[in-house]
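> File follows, query_22.pdb with PDB, C-alpha atoms:
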ATOM      1  CA  MET A1351       0.000   0.000   0.000  1.00  0.00           C
ATOM      2  CA  LYS A1352       1.520   3.320  -1.089  1.00  0.00           C
ATOM      3  CA  SER A1353       2.536   4.700   2.329  1.00  0.00           C
ATOM      4  CA  LEU A1354      -0.961   4.169   3.696  1.00  0.00           C
ATOM      5  CA  TRP A1355      -2.460   6.080   0.773  1.00  0.00           C
ATOM      6  CA  LEU A1356       0.063   8.810   1.406  1.00  0.00           C
ATOM      7  CA  LEU A1357      -1.079   8.762   5.004  1.00  0.00           C
ATOM      8  CA  VAL A1358      -4.650   9.325   3.980  1.00  0.00           C
ATOM      9  CA  LEU A1359      -3.703  12.233   1.782  1.00  0.00           C
ATOM     10  CA  CYS A1360      -1.613  13.786   4.530  1.00  0.00           C
ATOM     11  CA  PHE A1361      -4.511  13.653   6.980  1.00  0.00           C
ATOM     12  CA  ALA A1362      -6.642  15.467   4.417  1.00  0.00           C
ATOM     13  CA  GLY A1363      -4.525  18.549   5.053  1.00  0.00           C
ATOM     14  CA  VAL A1364      -5.514  18.757   8.712  1.00  0.00           C
ATOM     15  CA  GLY A1365      -2.912  19.978  11.194  1.00  0.00           C
ATOM     16  CA  LEU A1366       0.017  20.100   8.800  1.00  0.00           C
ATOM     17  CA  PRO A1367       2.186  23.148   8.137  1.00  0.00           C
ATOM     18  CA  ALA A1368       1.008  25.542   5.461  1.00  0.00           C
ATOM     19  CA  LYS A1369       2.998  25.325   2.259  1.00  0.00           C
ATOM     20  CA  ALA A1370       3.350  28.847   0.872  1.00  0.00           C
ATOM     21  CA  ASP A1371       6.314  27.862  -1.292  1.00  0.00           C
ATOM     22  CA  SER A1372       7.599  24.361  -0.686  1.00  0.00           C
ATOM     23  CA  ASP A1373      10.655  25.091  -2.854  1.00  0.00           C
ATOM     24  CA  ALA A1374      11.767  28.198  -0.961  1.00  0.00           C
ATOM     25  CA  LEU A1375      14.815  26.610   0.686  1.00  0.00           C
ATOM     26  CA  LYS A1376      15.948  25.051  -2.584  1.00  0.00           C
ATOM     27  CA  LYS A1377      15.686  28.406  -4.344  1.00  0.00           C
ATOM     28  CA  ILE A1378      17.645  30.176  -1.604  1.00  0.00           C
ATOM     29  CA  VAL A1379      20.509  27.708  -1.331  1.00  0.00           C
ATOM     30  CA  ILE A1380      20.894  26.377  -4.865  1.00  0.00           C
ATOM     31  CA  ASP A1381      19.885  29.490  -6.803  1.00  0.00           C
ATOM     32  CA  GLN A1382      21.461  32.149  -4.553  1.00  0.00           C
ATOM     33  CA  CYS A1383      23.977  30.972  -1.950  1.00  0.00           C
ATOM     34  CA  VAL A1384      25.852  28.466  -4.107  1.00  0.00           C
ATOM     35  CA  PRO A1385      26.300  30.794  -7.117  1.00  0.00           C
ATOM     36  CA  HIS A1386      27.502  33.551  -4.768  1.00  0.00           C
ATOM     37  CA  VAL A1387      30.223  31.304  -3.348  1.00  0.00           C
ATOM     38  CA  GLN A1388      31.169  29.983  -6.782  1.00  0.00           C
ATOM     39  CA  ALA A1389      31.632  33.611  -7.849  1.00  0.00           C
ATOM     40  CA  ARG A1390      33.832  34.108  -4.759  1.00  0.00           C
ATOM     41  CA  GLN A1391      31.290  36.354  -3.138  1.00  0.00           C
ATOM     42  CA  ASN A1392      29.663  36.392   0.291  1.00  0.00           C
ATOM     43  CA  PRO A1393      27.460  33.279   0.765  1.00  0.00           C
ATOM     44  CA  ALA A1394      24.476  35.433   1.773  1.00  0.00           C
ATOM     45  CA  PRO A1395      21.665  34.873   2.383  1.00  0.00           C
ATOM     46  CA  CYS A1396      23.275  31.710   3.811  1.00  0.00           C
ATOM     47  CA  ALA A1397      25.552  31.967   6.823  1.00  0.00           C
ATOM     48  CA  SER A1398      28.031  29.595   5.190  1.00  0.00           C
ATOM     49  CA  VAL A1399      28.388  27.256   2.221  1.00  0.00           C
ATOM     50  CA  ASP A1400      30.705  24.246   1.986  1.00  0.00           C
ATOM     51  CA  ILE A1401      30.820  23.385  -1.706  1.00  0.00           C
ATOM     52  CA  ALA A1402      33.179  20.443  -1.201  1.00  0.00           C
ATOM     53  CA  GLY A1403      31.095  19.058   1.646  1.00  0.00           C
ATOM     54  CA  GLY A1404      27.825  19.679  -0.170  1.00  0.00           C
ATOM     55  CA  THR A1405      26.115  21.616   2.623  1.00  0.00           C
ATOM     56  CA  ALA A1406      24.975  25.091   3.554  1.00  0.00           C
ATOM     57  CA  LEU A1407      23.846  26.684   6.813  1.00  0.00           C
ATOM     58  CA  LEU A1408      20.978  29.143   6.767  1.00  0.00           C
ATOM     59  CA  LYS A1409      19.413  31.156   9.595  1.00  0.00           C
ATOM     60  CA  ASP A1410      15.788  30.150   9.929  1.00  0.00           C
ATOM     61  CA  ARG A1411      13.173  32.879  10.136  1.00  0.00           C
ATOM     62  CA  ASN A1412      11.696  31.280  13.251  1.00  0.00           C
ATOM     63  CA  GLY A1413      13.442  31.895  16.544  1.00  0.00           C
ATOM     64  CA  LYS A1414      16.531  33.869  17.461  1.00  0.00           C
ATOM     65  CA  THR A1415      18.943  30.946  17.365  1.00  0.00           C
ATOM     66  CA  GLN A1416      17.580  28.357  14.911  1.00  0.00           C
ATOM     67  CA  PHE A1417      19.644  27.390  11.855  1.00  0.00           C
ATOM     68  CA  LEU A1418      19.042  24.902   9.063  1.00  0.00           C
ATOM     69  CA  LEU A1419      21.553  22.523   7.468  1.00  0.00           C
ATOM     70  CA  ILE A1420      20.663  22.194   3.776  1.00  0.00           C
ATOM     71  CA  PRO A1421      22.356  20.264   0.932  1.00  0.00           C
ATOM     72  CA  THR A1422      23.786  22.298  -1.929  1.00  0.00           C
ATOM     73  CA  ASN A1423      22.200  19.914  -4.438  1.00  0.00           C
ATOM     74  CA  VAL A1424      18.604  18.772  -4.755  1.00  0.00           C
ATOM     75  CA  VAL A1425      17.756  16.303  -1.977  1.00  0.00           C
ATOM     76  CA  THR A1426      14.044  16.095  -1.244  1.00  0.00           C
ATOM     77  CA  GLY A1427      14.128  14.925   2.368  1.00  0.00           C
ATOM     78  CA  ILE A1428      14.620  11.968   4.681  1.00  0.00           C
ATOM     79  CA  GLU A1429      13.098   9.677   2.047  1.00  0.00           C
ATOM     80  CA  ASP A1430      15.677  10.586  -0.620  1.00  0.00           C
ATOM     81  CA  LYS A1431      17.840   7.544  -1.401  1.00  0.00           C
ATOM     82  CA  GLN A1432      20.888   9.802  -1.777  1.00  0.00           C
ATOM     83  CA  ILE A1433      21.229  10.167   1.988  1.00  0.00           C
ATOM     84  CA  LEU A1434      21.949   6.451   2.423  1.00  0.00           C
ATOM     85  CA  ALA A1435      24.423   6.198  -0.452  1.00  0.00           C
ATOM     86  CA  ALA A1436      27.914   5.019   0.439  1.00  0.00           C
ATOM     87  CA  ASP A1437      29.411   8.385  -0.518  1.00  0.00           C
ATOM     88  CA  ALA A1438      26.654  10.533   0.993  1.00  0.00           C
ATOM     89  CA  PRO A1439      27.698  13.447   3.204  1.00  0.00           C
ATOM     90  CA  ASN A1440      27.162  12.878   6.900  1.00  0.00           C
ATOM     91  CA  TYR A1441      24.557  15.606   7.166  1.00  0.00           C
ATOM     92  CA  PHE A1442      24.026  15.233  10.902  1.00  0.00           C
ATOM     93  CA  GLN A1443      27.749  15.639  11.537  1.00  0.00           C
ATOM     94  CA  ALA A1444      27.744  18.797   9.418  1.00  0.00           C
ATOM     95  CA  ALA A1445      24.731  20.058  11.382  1.00  0.00           C
ATOM     96  CA  TRP A1446      26.439  19.290  14.694  1.00  0.00           C
ATOM     97  CA  ALA A1447      29.559  21.136  13.536  1.00  0.00           C
ATOM     98  CA  GLY A1448      27.345  24.102  12.638  1.00  0.00           C
ATOM     99  CA  ARG A1449      25.977  24.522  16.150  1.00  0.00           C
ATOM    100  CA  HIS A1450      28.547  27.279  16.746  1.00  0.00           C
ATOM    101  CA  LEU A1451      26.187  29.542  14.803  1.00  0.00           C
ATOM    102  CA  VAL A1452      23.463  28.849  17.358  1.00  0.00           C
ATOM    103  CA  GLU A1453      25.936  29.799  20.078  1.00  0.00           C
ATOM    104  CA  GLU A1454      26.818  33.014  18.273  1.00  0.00           C
ATOM    105  CA  GLN A1455      23.147  33.960  18.072  1.00  0.00           C
ATOM    106  CA  ALA A1456      22.665  33.083  21.746  1.00  0.00           C
ATOM    107  CA  GLY A1457      25.719  35.114  22.689  1.00  0.00           C
ATOM    108  CA  LYS A1458      27.138  32.389  24.910  1.00  0.00           C
ATOM    109  CA  PRO A1459      28.583  28.862  24.801  1.00  0.00           C
ATOM    110  CA  ILE A1460      25.866  26.200  24.813  1.00  0.00           C
ATOM    111  CA  PRO A1461      26.431  22.873  26.599  1.00  0.00           C
ATOM    112  CA  ARG A1462      26.261  19.896  24.251  1.00  0.00           C
ATOM    113  CA  ASP A1463      23.224  18.471  26.037  1.00  0.00           C
ATOM    114  CA  ASP A1464      21.254  21.655  25.312  1.00  0.00           C
ATOM    115  CA  ILE A1465      21.493  21.228  21.520  1.00  0.00           C
ATOM    116  CA  GLY A1466      19.217  19.177  19.278  1.00  0.00           C
ATOM    117  CA  LEU A1467      19.185  18.381  15.561  1.00  0.00           C
ATOM    118  CA  SER A1468      15.922  17.351  13.877  1.00  0.00           C
ATOM    119  CA  ILE A1469      14.591  16.344  10.482  1.00  0.00           C
ATOM    120  CA  ASN A1470      10.862  15.871   9.946  1.00  0.00           C
ATOM    121  CA  SER A1471       9.092  13.199   7.940  1.00  0.00           C
ATOM    122  CA  ALA A1472       7.797  13.776   4.424  1.00  0.00           C
ATOM    123  CA  TYR A1473       4.371  14.297   6.010  1.00  0.00           C
ATOM    124  CA  GLY A1474       5.442  16.726   8.715  1.00  0.00           C
ATOM    125  CA  ARG A1475       7.474  19.274   6.799  1.00  0.00           C
ATOM    126  CA  SER A1476       6.675  22.407   4.851  1.00  0.00           C
ATOM    127  CA  GLN A1477       9.674  22.300   2.474  1.00  0.00           C
ATOM    128  CA  ASN A1478      10.631  19.769  -0.168  1.00  0.00           C
ATOM    129  CA  GLN A1479      14.341  20.378   0.139  1.00  0.00           C
ATOM    130  CA  PHE A1480      16.138  18.358   2.805  1.00  0.00           C
ATOM    131  CA  HIS A1481      16.862  20.387   5.945  1.00  0.00           C
ATOM    132  CA  ILE A1482      17.959  19.616   9.494  1.00  0.00           C
ATOM    133  CA  HIS A1483      16.824  21.998  12.227  1.00  0.00           C
ATOM    134  CA  ILE A1484      19.590  23.054  14.646  1.00  0.00           C
ATOM    135  CA  ASP A1485      18.556  24.696  17.910  1.00  0.00           C
ATOM    136  CA  CYS A1486      18.164  24.318  21.656  1.00  0.00           C
ATOM    137  CA  VAL A1487      16.382  21.216  22.874  1.00  0.00           C
ATOM    138  CA  GLY A1488      13.216  21.640  24.904  1.00  0.00           C
ATOM    139  CA  VAL A1489      13.642  21.755  28.694  1.00  0.00           C
ATOM    140  CA  ALA A1490      11.174  18.918  29.311  1.00  0.00           C
ATOM    141  CA  VAL A1491      12.763  16.797  26.581  1.00  0.00           C
ATOM    142  CA  LYS A1492      16.238  17.232  28.057  1.00  0.00           C
ATOM    143  CA  GLN A1493      14.954  16.312  31.522  1.00  0.00           C
ATOM    144  CA  ALA A1494      13.051  13.269  30.253  1.00  0.00           C
ATOM    145  CA  LEU A1495      16.121  11.920  28.468  1.00  0.00           C
ATOM    146  CA  HIS A1496      18.249  12.473  31.562  1.00  0.00           C
ATOM    147  CA  ASP A1497      15.688  10.790  33.817  1.00  0.00           C
ATOM    148  CA  ASN A1498      15.286   7.811  31.487  1.00  0.00           C
ATOM    149  CA  ASP A1499      18.920   7.338  30.496  1.00  0.00           C
ATOM    150  CA  GLY A1500      18.997   3.882  32.054  1.00  0.00           C
ATOM    151  CA  LYS A1501      16.169   2.771  29.748  1.00  0.00           C
ATOM    152  CA  ILE A1502      18.011   3.806  26.590  1.00  0.00           C
ATOM    153  CA  GLY A1503      20.558   1.403  25.178  1.00  0.00           C
ATOM    154  CA  PRO A1504      22.797   1.022  22.109  1.00  0.00           C
ATOM    155  CA  HIS A1505      19.971  -0.369  19.950  1.00  0.00           C
ATOM    156  CA  TRP A1506      16.622   1.058  18.874  1.00  0.00           C
ATOM    157  CA  ALA A1507      13.834   0.357  21.365  1.00  0.00           C
ATOM    158  CA  PRO A1508      10.562   2.049  22.378  1.00  0.00           C
ATOM    159  CA  LEU A1509      10.957   4.768  24.990  1.00  0.00           C
ATOM    160  CA  ASP A1510       8.102   4.526  27.466  1.00  0.00           C
ATOM    161  CA  VAL A1511       7.651   8.250  28.021  1.00  0.00           C
ATOM    162  CA  ASP A1512       5.816  11.024  26.200  1.00  0.00           C
ATOM    163  CA  LEU A1513       7.955  13.645  24.493  1.00  0.00           C
ATOM    164  CA  VAL A1514       5.828  16.614  23.412  1.00  0.00           C
ATOM    165  CA  GLY A1515       2.810  14.353  23.112  1.00  0.00           C
ATOM    166  CA  HIS A1516       4.370  11.471  21.199  1.00  0.00           C
ATOM    167  CA  ARG A1517       6.205   8.223  21.925  1.00  0.00           C
ATOM    168  CA  TYR A1518       9.588   7.670  20.307  1.00  0.00           C
ATOM    169  CA  HIS A1519      12.043   4.891  19.699  1.00  0.00           C
ATOM    170  CA  ALA A1520      15.433   5.719  21.179  1.00  0.00           C
ATOM    171  CA  MET A1521      19.044   4.621  21.236  1.00  0.00           C
ATOM    172  CA  LYS A1522      22.287   6.215  22.354  1.00  0.00           C
ATOM    173  CA  ILE A1523      25.783   6.347  20.949  1.00  0.00           C
ATOM    174  CA  ASP A1524      29.114   7.436  22.389  1.00  0.00           C
ATOM    175  CA  GLY A1525      31.334  10.054  20.814  1.00  0.00           C
ATOM    176  CA  ASP A1526      32.239  13.703  20.978  1.00  0.00           C
ATOM    177  CA  ASP A1527      30.852  14.193  17.476  1.00  0.00           C
ATOM    178  CA  LEU A1528      29.062  12.227  14.763  1.00  0.00           C
ATOM    179  CA  ALA A1529      31.978  11.765  12.373  1.00  0.00           C
ATOM    180  CA  ALA A1530      31.977   7.998  12.905  1.00  0.00           C
ATOM    181  CA  SER A1531      28.192   7.575  13.215  1.00  0.00           C
ATOM    182  CA  ASN A1532      25.631   8.485  10.561  1.00  0.00           C
ATOM    183  CA  PRO A1533      22.219   8.628  12.280  1.00  0.00           C
ATOM    184  CA  PHE A1534      20.345   8.019   9.014  1.00  0.00           C
ATOM    185  CA  LYS A1535      22.229   4.778   8.449  1.00  0.00           C
ATOM    186  CA  LEU A1536      21.823   3.760  12.091  1.00  0.00           C
ATOM    187  CA  LEU A1537      18.061   4.172  11.678  1.00  0.00           C
ATOM    188  CA  ALA A1538      17.824   2.339   8.353  1.00  0.00           C
ATOM    189  CA  GLU A1539      20.112  -0.481   9.455  1.00  0.00           C
ATOM    190  CA  GLY A1540      18.581  -0.866  12.899  1.00  0.00           C
ATOM    191  CA  ASP A1541      14.888  -0.665  12.029  1.00  0.00           C
ATOM    192  CA  PRO A1542      13.624  -2.670   9.020  1.00  0.00           C
ATOM    193  CA  ASP A1543      10.306  -0.807   9.034  1.00  0.00           C
ATOM    194  CA  ALA A1544      12.124   2.499   8.788  1.00  0.00           C
ATOM    195  CA  ALA A1545      14.353   1.229   5.993  1.00  0.00           C
ATOM    196  CA  ALA A1546      11.275   0.127   4.052  1.00  0.00           C
ATOM    197  CA  ASP A1547       9.696   3.596   4.138  1.00  0.00           C
ATOM    198  CA  MET A1548      12.057   6.322   5.309  1.00  0.00           C
ATOM    199  CA  GLY A1549       9.603   9.014   4.235  1.00  0.00           C
ATOM    200  CA  ARG A1550       7.432   8.238   7.247  1.00  0.00           C
ATOM    201  CA  GLU A1551      10.338   8.683   9.661  1.00  0.00           C
ATOM    202  CA  THR A1552      11.401  11.675  11.693  1.00  0.00           C
ATOM    203  CA  LEU A1553      14.781  11.696  13.407  1.00  0.00           C
ATOM    204  CA  THR A1554      16.232  13.832  16.180  1.00  0.00           C
ATOM    205  CA  VAL A1555      19.744  13.781  17.629  1.00  0.00           C
ATOM    206  CA  VAL A1556      20.321  15.348  21.053  1.00  0.00           C
ATOM    207  CA  GLY A1557      23.761  15.976  22.484  1.00  0.00           C
ATOM    208  CA  ALA A1558      24.422  14.197  25.776  1.00  0.00           C
ATOM    209  CA  VAL A1559      26.827  13.817  28.645  1.00  0.00           C
ATOM    210  CA  PHE A1560      26.116  10.356  30.015  1.00  0.00           C
ATOM    211  CA  PRO A1561      26.153   9.527  33.746  1.00  0.00           C
ATOM    212  CA  HIS A1562      29.678   8.101  33.460  1.00  0.00           C
ATOM    213  CA  GLY A1563      30.836  11.496  32.161  1.00  0.00           C
ATOM    214  CA  LYS A1564      31.484  10.521  28.554  1.00  0.00           C
ATOM    215  CA  PRO A1565      30.011  12.570  25.699  1.00  0.00           C
ATOM    216  CA  GLY A1566      27.530  11.064  23.298  1.00  0.00           C
ATOM    217  CA  PHE A1567      24.123  11.450  21.723  1.00  0.00           C
ATOM    218  CA  TYR A1568      20.549  10.322  22.135  1.00  0.00           C
ATOM    219  CA  LEU A1569      18.826   9.367  18.877  1.00  0.00           C
ATOM    220  CA  LEU A1570      15.037   9.573  18.700  1.00  0.00           C
ATOM    221  CA  SER A1571      12.810   8.353  15.874  1.00  0.00           C
ATOM    222  CA  ASP A1572       9.077   8.383  15.256  1.00  0.00           C
ATOM    223  CA  ARG A1573       6.933   7.167  12.361  1.00  0.00           C
ATOM    224  CA  ALA A1574       4.109   9.134  10.786  1.00  0.00           C
ATOM    225  CA  SER A1575       0.758   7.470  11.370  1.00  0.00           C
ATOM    226  CA  VAL A1576      -2.911   8.264  10.966  1.00  0.00           C
ATOM    227  CA  VAL A1577      -3.321   6.875  14.485  1.00  0.00           C
ATOM    228  CA  GLY A1578      -3.220   9.904  16.728  1.00  0.00           C
ATOM    229  CA  MET A1579      -2.745  12.107  13.644  1.00  0.00           C
ATOM    230  CA  ASP A1580       1.023  11.844  14.085  1.00  0.00           C
ATOM    231  CA  ALA A1581       2.796  13.678  11.255  1.00  0.00           C
ATOM    232  CA  ALA A1582       6.205  12.719  12.695  1.00  0.00           C
ATOM    233  CA  SER A1583       7.608  16.201  13.163  1.00  0.00           C
ATOM    234  CA  SER A1584      10.312  15.789  15.763  1.00  0.00           C
ATOM    235  CA  ALA A1585      11.456  19.380  15.292  1.00  0.00           C
ATOM    236  CA  SER A1586       8.795  19.974  17.959  1.00  0.00           C
ATOM    237  CA  LEU A1587      11.348  18.586  20.432  1.00  0.00           C
ATOM    238  CA  LEU A1588      13.395  21.754  19.910  1.00  0.00           C
ATOM    239  CA  ASP A1589      12.706  25.065  21.645  1.00  0.00           C
ATOM    240  CA  HIS A1590      13.247  28.193  19.578  1.00  0.00           C
ATOM    241  CA  ASP A1591      13.066  30.344  22.730  1.00  0.00           C
ATOM    242  CA  CYS A1592      16.048  28.422  24.167  1.00  0.00           C
ATOM    243  CA  ALA A1593      14.519  28.332  27.647  1.00  0.00           C
ATOM    244  CA  VAL A1594      17.064  25.641  28.550  1.00  0.00           C
ATOM    245  CA  LEU A1595      19.703  28.389  28.672  1.00  0.00           C
ATOM    246  CA  ASN A1596      17.872  30.428  31.297  1.00  0.00           C
TER     247      ASN A1596
END
Mind turning the file's structure into structure tokens?

Amino acid sequence: MKSLWLLVLCFAGVGLPAKADSDALKKIVIDQCVPHVQARQNPAPCASVDIAGGTALLKDRNGKTQFLLIPTNVVTGIEDKQILAADAPNYFQAAWAGRHLVEEQAGKPIPRDDIGLSINSAYGRSQNQFHIHIDCVGVAVKQALHDNDGKIGPHWAPLDVDLVGHRYHAMKIDGDDLAASNPFKLLAEGDPDAAADMGRETLTVVGAVFPHGKPGFYLLSDRASVVGMDAASSASLLDHDCAVLN
């Protein structure tokens, strides 16, 4: 069945983000930022462009600190097969490396466990160009992960706690950064249902300092479903007011 009839025609349009121009990000990055850098000009309106790495960072209109990590070529979203190719950029690592821009906007260093990176499902996004949200994680989300650390292991498993109204699968990985771990591949390789239909998946990575003091990350996934009208938009786990810094 074609993604549950495209999730019943995207819930018949109920509760999903308005789509004024679903190609806006593509037009900004590919039609403006990339040509500017190729002409050896300022990357504006992007904050930065890495032609060799295939990524750009753009300040989002929403929130003081939120940035987006966007490919410099056409990649539709989490469902695009390019992201799982052997030579694909590690987009989450590039997003994690770009968190310094969030710090600059905040005007202060931000602890690793206050930062989250999120990509929404094909049914819970307003843009049809791949983008990872980079911003502060919600206070309640950070606390819930800390309180339930002992329930989260190195393999995907249901997390028996609500996070902003939804239940997630979770796993954790060690490491100061994501250079050796591609969250997209960890999801596809660790969850056959996700691999079969990545377009229904949303994925969030939250920086962590585990109880033993080592740095790492929590990975959270959810699947779009007509049950509960879940559009799988894990960007809701982020807080664009950065209350966690107060």
> Given the choices A:Met1579, A:Ala1585, A:Leu1434, A:Leu1375, which gets closest to Val1514 of chain A if the distance is worked out from only C-alpha atoms?
A:Ala1585
> Which one is closest to Gly1488 of chain A: A:Gly1404, A:Gly1540, A:Gly1466, A:Pro1385? Count all atoms listed in the file.
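Result for the nearest residue to Gly1488 of chain A: A:Gly1466.
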> Per residue of segment 1484-1567 of chain A within 8 Å of segment 1405-1428 of chain A, which atom pair is closest and at what distance in Å (one decimal), using only C-alpha atoms, listed by chain and increasing number, as JSON lines?

{"residue": "A:Ile1484", "atom": "CA", "partner": "A:Phe1417", "partner_atom": "CA", "distance": 5.2}
{"residue": "A:Asp1485", "atom": "CA", "partner": "A:Gln1416", "partner_atom": "CA", "distance": 4.8}
{"residue": "A:Cys1486", "atom": "CA", "partner": "A:Gln1416", "partner_atom": "CA", "distance": 7.9}
{"residue": "A:Met1548", "atom": "CA", "partner": "A:Ile1428", "partner_atom": "CA", "distance": 6.2}
{"residue": "A:Gly1549", "atom": "CA", "partner": "A:Ile1428", "partner_atom": "CA", "distance": 5.8}
{"residue": "A:Glu1551", "atom": "CA", "partner": "A:Ile1428", "partner_atom": "CA", "distance": 7.3}
{"residue": "A:Thr1552", "atom": "CA", "partner": "A:Ile1428", "partner_atom": "CA", "distance": 7.7}
> Pull the neighbourhood of (25.9, 40.3, -2.2) for me: all residues within 10 Å in file coordinates, counting only C-alpha atoms, as a PyMOL selection string.
chain A and resi 1382-1383+1386+1391-1395
> Between atom CA of Ser1468 of chain A and atom CA of Val1384 of chain A, what is the distance, to one decimal in Å?
23.4 Å
> For atom CA of Phe1567 of chain A and atom CA of Ala1544 of chain A, determine how far apart the two atoms are, in Å to one decimal place.
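Interatomic distance here is 19.8 Å.
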> Evaluate the PyMOL selection byres ((chain A and resi 1462) around 9) here and jot the selected residues down as a ChimeraX atom specification.
/A:1460-1461,1463-1466,1556-1559,1565-1566
> Expand the PyMOL selection byres ((chain A and resi 1569) around 12) into the individual residues it matches in the shown file, reporting them as a PyMOL selection string.
chain A and resi 1442+1466-1469+1495+1499+1502-1509+1518-1524+1528+1531-1537+1540+1552-1558+1566-1568+1570-1572+1584+1587
> At what distance in Å, to one decimal, does atom CA of Lys1377 of chain A lie from atom CA of Gln1479 of chain A?
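According to the coordinates, atom CA of Gln1479 of chain A and atom CA of Lys1377 of chain A are separated by 9.3 Å.
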> Using all atoms listed in the file, pick whichever of A:Arg1517, A:His1483, A:Lys1431, A:Lys1492 has the shortest atom-to-atom distance to Arg1449 of chain A.
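Going through A:Arg1517, A:His1483, A:Lys1431, A:Lys1492 one by one, the smallest distance to Arg1449 of chain A is for A:His1483.
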> Any chance you could model N, CA and C atoms for segment 1470-1481 of chain A and send them as a PDB file, keeping the file's coordinate frame?

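What follows is the written file part13.pdb:
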ATOM      1  N   ASN A1470      12.240  16.349   9.913  1.00  0.00           N
ATOM      2  CA  ASN A1470      10.862  15.871   9.946  1.00  0.00           C
ATOM      3  C   ASN A1470      10.594  14.864   8.826  1.00  0.00           C
ATOM      4  N   SER A1471       9.497  14.149   8.970  1.00  0.00           N
ATOM      5  CA  SER A1471       9.092  13.199   7.940  1.00  0.00           C
ATOM      6  C   SER A1471       8.590  13.941   6.704  1.00  0.00           C
ATOM      7  N   ALA A1472       8.346  13.184   5.654  1.00  0.00           N
ATOM      8  CA  ALA A1472       7.797  13.776   4.424  1.00  0.00           C
ATOM      9  C   ALA A1472       6.402  14.333   4.655  1.00  0.00           C
ATOM     10  N   TYR A1473       5.743  13.884   5.727  1.00  0.00           N
ATOM     11  CA  TYR A1473       4.371  14.297   6.010  1.00  0.00           C
ATOM     12  C   TYR A1473       4.305  15.400   7.062  1.00  0.00           C
ATOM     13  N   GLY A1474       5.433  15.739   7.648  1.00  0.00           N
ATOM     14  CA  GLY A1474       5.442  16.726   8.715  1.00  0.00           C
ATOM     15  C   GLY A1474       6.353  17.895   8.437  1.00  0.00           C
ATOM     16  N   ARG A1475       6.585  18.172   7.165  1.00  0.00           N
ATOM     17  CA  ARG A1475       7.474  19.274   6.799  1.00  0.00           C
ATOM     18  C   ARG A1475       6.754  20.217   5.844  1.00  0.00           C
ATOM     19  N   SER A1476       7.266  21.414   5.746  1.00  0.00           N
ATOM     20  CA  SER A1476       6.675  22.407   4.851  1.00  0.00           C
ATOM     21  C   SER A1476       7.533  22.654   3.621  1.00  0.00           C
ATOM     22  N   GLN A1477       8.745  22.088   3.587  1.00  0.00           N
ATOM     23  CA  GLN A1477       9.674  22.300   2.474  1.00  0.00           C
ATOM     24  C   GLN A1477      10.072  20.971   1.844  1.00  0.00           C
ATOM     25  N   ASN A1478      10.216  20.965   0.542  1.00  0.00           N
ATOM     26  CA  ASN A1478      10.631  19.769  -0.168  1.00  0.00           C
ATOM     27  C   ASN A1478      12.089  19.843  -0.600  1.00  0.00           C
ATOM     28  N   GLN A1479      12.893  20.463   0.236  1.00  0.00           N
ATOM     29  CA  GLN A1479      14.341  20.378   0.139  1.00  0.00           C
ATOM     30  C   GLN A1479      14.816  19.959   1.525  1.00  0.00           C
ATOM     31  N   PHE A1480      15.604  18.908   1.567  1.00  0.00           N
ATOM     32  CA  PHE A1480      16.138  18.358   2.805  1.00  0.00           C
ATOM     33  C   PHE A1480      16.662  19.475   3.713  1.00  0.00           C
ATOM     34  N   HIS A1481      16.307  19.429   4.984  1.00  0.00           N
ATOM     35  CA  HIS A1481      16.862  20.387   5.945  1.00  0.00           C
ATOM     36  C   HIS A1481      16.802  19.808   7.347  1.00  0.00           C
TER      37      HIS A1481
END
